[in-house]
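Asks: Next comes target28.pdb, PDB, C-alpha atoms:
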```pdb
ATOM      1  CA  MET A   1     136.988 147.427  99.846
ATOM      2  CA  LYS A   2     135.144 144.258 100.880
ATOM      3  CA  SER A   3     131.371 144.014 100.977
ATOM      4  CA  ILE A   4     128.845 142.036 103.009
ATOM      5  CA  GLY A   5     125.603 141.408 101.150
ATOM      6  CA  GLY A   6     126.346 144.314  98.814
ATOM      7  CA  ILE A   7     127.020 146.760 101.679
ATOM      8  CA  TYR A   8     130.571 147.977 101.949
ATOM      9  CA  ILE A   9     132.130 146.993 105.267
ATOM     10  CA  GLU A  10     133.343 150.466 106.151
ATOM     11  CA  ASN A  11     129.882 151.956 105.626
ATOM     12  CA  TRP A  12     128.326 149.117 107.594
ATOM     13  CA  TYR A  13     130.724 149.635 110.516
ATOM     14  CA  ARG A  14     130.229 153.384 110.345
ATOM     15  CA  SER A  15     126.465 152.945 110.594
ATOM     16  CA  TYR A  16     126.830 150.389 113.399
ATOM     17  CA  LEU A  17     129.173 152.570 115.467
ATOM     18  CA  LEU A  18     127.269 155.761 114.767
ATOM     19  CA  THR A  19     124.108 154.123 116.099
ATOM     20  CA  ILE A  20     125.903 153.159 119.326
ATOM     21  CA  PHE A  21     127.460 156.575 119.899
ATOM     22  CA  THR A  22     124.297 158.477 118.911
ATOM     23  CA  THR A  23     122.225 156.398 121.320
ATOM     24  CA  PHE A  24     124.535 157.154 124.225
ATOM     25  CA  TYR A  25     124.866 160.812 123.221
ATOM     26  CA  ALA A  26     121.079 161.166 123.416
ATOM     27  CA  HIS A  27     121.474 160.422 127.146
ATOM     28  CA  LYS A  28     124.562 162.567 127.655
ATOM     29  CA  LYS A  29     123.278 164.467 130.696
ATOM     30  CA  GLU A  30     122.230 161.314 132.543
ATOM     31  CA  LEU A  31     125.384 159.407 131.603
ATOM     32  CA  LEU A  32     127.647 162.178 132.824
ATOM     33  CA  ILE A  33     125.786 162.257 136.158
ATOM     34  CA  ILE A  34     126.216 158.483 136.472
ATOM     35  CA  HIS A  35     129.907 158.785 135.593
ATOM     36  CA  LYS A  36     130.599 161.685 137.958
ATOM     37  CA  ASN A  37     129.029 159.701 140.796
ATOM     38  CA  GLY A  38     131.337 156.732 140.243
ATOM     39  CA  LEU A  39     128.629 154.447 138.880
ATOM     40  CA  SER A  40     129.926 153.972 135.331
ATOM     41  CA  HIS A  41     130.438 150.275 136.014
ATOM     42  CA  LEU A  42     126.646 149.901 135.790
ATOM     43  CA  LEU A  43     126.909 150.604 132.070
ATOM     44  CA  LEU A  44     128.823 147.372 131.604
ATOM     45  CA  ASP A  45     125.798 145.415 132.821
ATOM     46  CA  VAL A  46     123.611 147.383 130.407
ATOM     47  CA  LEU A  47     125.941 146.617 127.509
ATOM     48  CA  ASP A  48     126.044 142.933 128.475
ATOM     49  CA  GLN A  49     122.250 142.867 128.376
ATOM     50  CA  CYS A  50     121.972 144.845 125.122
ATOM     51  CA  PHE A  51     124.421 142.557 123.358
ATOM     52  CA  LYS A  52     122.954 139.426 125.010
ATOM     53  CA  PHE A  53     126.317 138.421 126.465
ATOM     54  CA  ASP A  54     124.779 135.625 128.569
ATOM     55  CA  ALA A  55     123.760 133.821 125.379
ATOM     56  CA  PHE A  56     127.403 133.698 124.273
ATOM     57  CA  GLN A  57     128.690 132.367 127.592
ATOM     58  CA  GLY A  58     126.902 129.054 127.068
ATOM     59  CA  LYS A  59     129.048 128.250 124.029
ATOM     60  CA  ILE A  60     131.764 126.313 125.838
ATOM     61  CA  GLY A  61     134.763 125.496 123.675
ATOM     62  CA  SER A  62     133.912 128.348 121.336
ATOM     63  CA  ALA A  63     135.759 131.601 120.790
ATOM     64  CA  GLN A  64     132.462 133.510 120.576
ATOM     65  CA  PRO A  65     132.195 134.354 124.308
ATOM     66  CA  PHE A  66     135.718 135.775 124.186
ATOM     67  CA  LYS A  67     134.934 137.782 121.050
ATOM     68  CA  ALA A  68     131.762 139.119 122.660
ATOM     69  CA  ALA A  69     133.609 140.043 125.872
ATOM     70  CA  TYR A  70     136.344 141.788 123.876
ATOM     71  CA  HIS A  71     133.819 143.719 121.789
ATOM     72  CA  ILE A  72     131.670 144.793 124.741
ATOM     73  CA  GLY A  73     134.772 145.780 126.712
ATOM     74  CA  GLY A  74     135.978 147.936 123.845
ATOM     75  CA  ILE A  75     132.681 149.783 123.619
ATOM     76  CA  TYR A  76     132.570 150.193 127.396
ATOM     77  CA  HIS A  77     136.081 151.620 127.658
ATOM     78  CA  ASN A  78     135.526 153.977 124.740
ATOM     79  CA  LEU A  79     132.418 155.233 126.556
ATOM     80  CA  LEU A  80     134.451 155.730 129.747
ATOM     81  CA  LEU A  81     137.053 157.791 127.901
ATOM     82  CA  TRP A  82     134.331 159.760 126.164
ATOM     83  CA  MET A  83     132.633 160.505 129.497
ATOM     84  CA  ASN A  84     136.021 161.512 130.972
ATOM     85  CA  HIS A  85     136.124 164.156 128.215
ATOM     86  CA  GLY A  86     132.625 165.317 129.162
ATOM     87  CA  MET A  87     131.332 163.734 125.935
ATOM     88  CA  GLN A  88     132.584 166.812 124.075
ATOM     89  CA  GLU A  89     133.179 164.826 120.897
ATOM     90  CA  THR A  90     130.142 164.345 118.682
ATOM     91  CA  PRO A  91     128.916 160.841 117.854
ATOM     92  CA  GLU A  92     130.323 161.372 114.355
ATOM     93  CA  GLN A  93     133.749 162.234 115.766
ATOM     94  CA  MET A  94     133.665 159.193 118.060
ATOM     95  CA  CYS A  95     132.719 157.017 115.111
ATOM     96  CA  SER A  96     135.638 158.366 113.077
ATOM     97  CA  ILE A  97     138.031 157.793 115.983
ATOM     98  CA  ALA A  98     136.868 154.200 116.410
ATOM     99  CA  LEU A  99     137.076 153.510 112.677
ATOM    100  CA  SER A 100     140.607 154.909 112.524
ATOM    101  CA  PHE A 101     142.008 151.914 114.436
ATOM    102  CA  MET A 102     139.505 149.211 113.545
ATOM    103  CA  PRO A 103     141.016 146.437 111.414
ATOM    104  CA  GLU A 104     139.184 145.533 108.219
ATOM    105  CA  ASP A 105     138.297 142.070 109.513
ATOM    106  CA  SER A 106     137.116 143.460 112.833
ATOM    107  CA  PHE A 107     134.469 141.679 114.843
ATOM    108  CA  THR A 108     131.012 142.960 115.606
ATOM    109  CA  LEU A 109     128.252 141.166 117.429
ATOM    110  CA  LEU A 110     125.957 141.682 114.476
ATOM    111  CA  ASN A 111     127.717 138.946 112.510
ATOM    112  CA  VAL A 112     128.035 136.298 115.241
ATOM    113  CA  GLN A 113     126.419 132.990 114.340
TER     114      GLN A 113
END
```
Go ahead and render the structure in this file as structure tokens.

Replies:
Amino acid sequence: MKSIGGIYIENWYRSYLLTIFTTFYAHKKELLIIHKNGLSHLLLDVLDQCFKFDAFQGKIGSAQPFKAAYHIGGIYHNLLLWMNHGMQETPEQMCSIALSFMPEDSFTLLNVQ
């Protein structure tokens, strides 16, 4: 298993993903109301702001904006599926699901230069 600064990648990703899913789960009631009213698309703007997507767009000729868009889109669509299920899965279960298909060299916005 590879490590980054002494922290094993899998544990680092687990912590990263668990933070994301736990944060959204803390607002489950509100998110489900938003989703049921057809306003889930607003979450994409929130994710763009949280991950500072605009900062990546200025890097013309770089793959970073595409990586950021791919990453944010993945989180967004996982949230949509989760909300479709009524957010019945726990944040821990969602984290395990996401880790089950995440390649070892997967990209996160935390390691973008």

Asks: I'd like the interatomic distance between CA of Phe53 in chain A and CA of Ala68 in chain A, to a tenth of an Å.

Replies: 6.7 Å

Asks: Between CA of Leu47 in chain A and CA of Tyr76 in chain A, what distance in Å does the model show, to one decimal?

Replies: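 For CA of Leu47 in chain A relative to CA of Tyr76 in chain A, the distance reads 7.5 Å.
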
Asks: Counting only C-alpha atoms, which residues come within 10 Å of (133.1, 152.5, 126.1), with the point read in the file's coordinates, and could you list them as a count of residues only?

Replies: 20

Asks: Would you mind reading off the distance between CA of Leu18 in chain A and CA of Glu92 in chain A, one decimal, in Å?

Replies: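 Separating CA of Leu18 in chain A from CA of Glu92 in chain A is a distance of 6.4 Å.
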
Asks: With all atoms listed in the file as the atoms that count, which of A:Lys36, A:Lys28, A:Lys67, A:His41 lies nearest to Thr90 in chain A?

Replies: A:Lys28

Asks: Taking (128.3, 162.5, 135.4) in the file's coordinates as the center, which residues reach within 12 Å of it, counting all atoms listed in the file, put as a PyMOL selection string?

Replies: chain A and resi 27-40+80+82-87
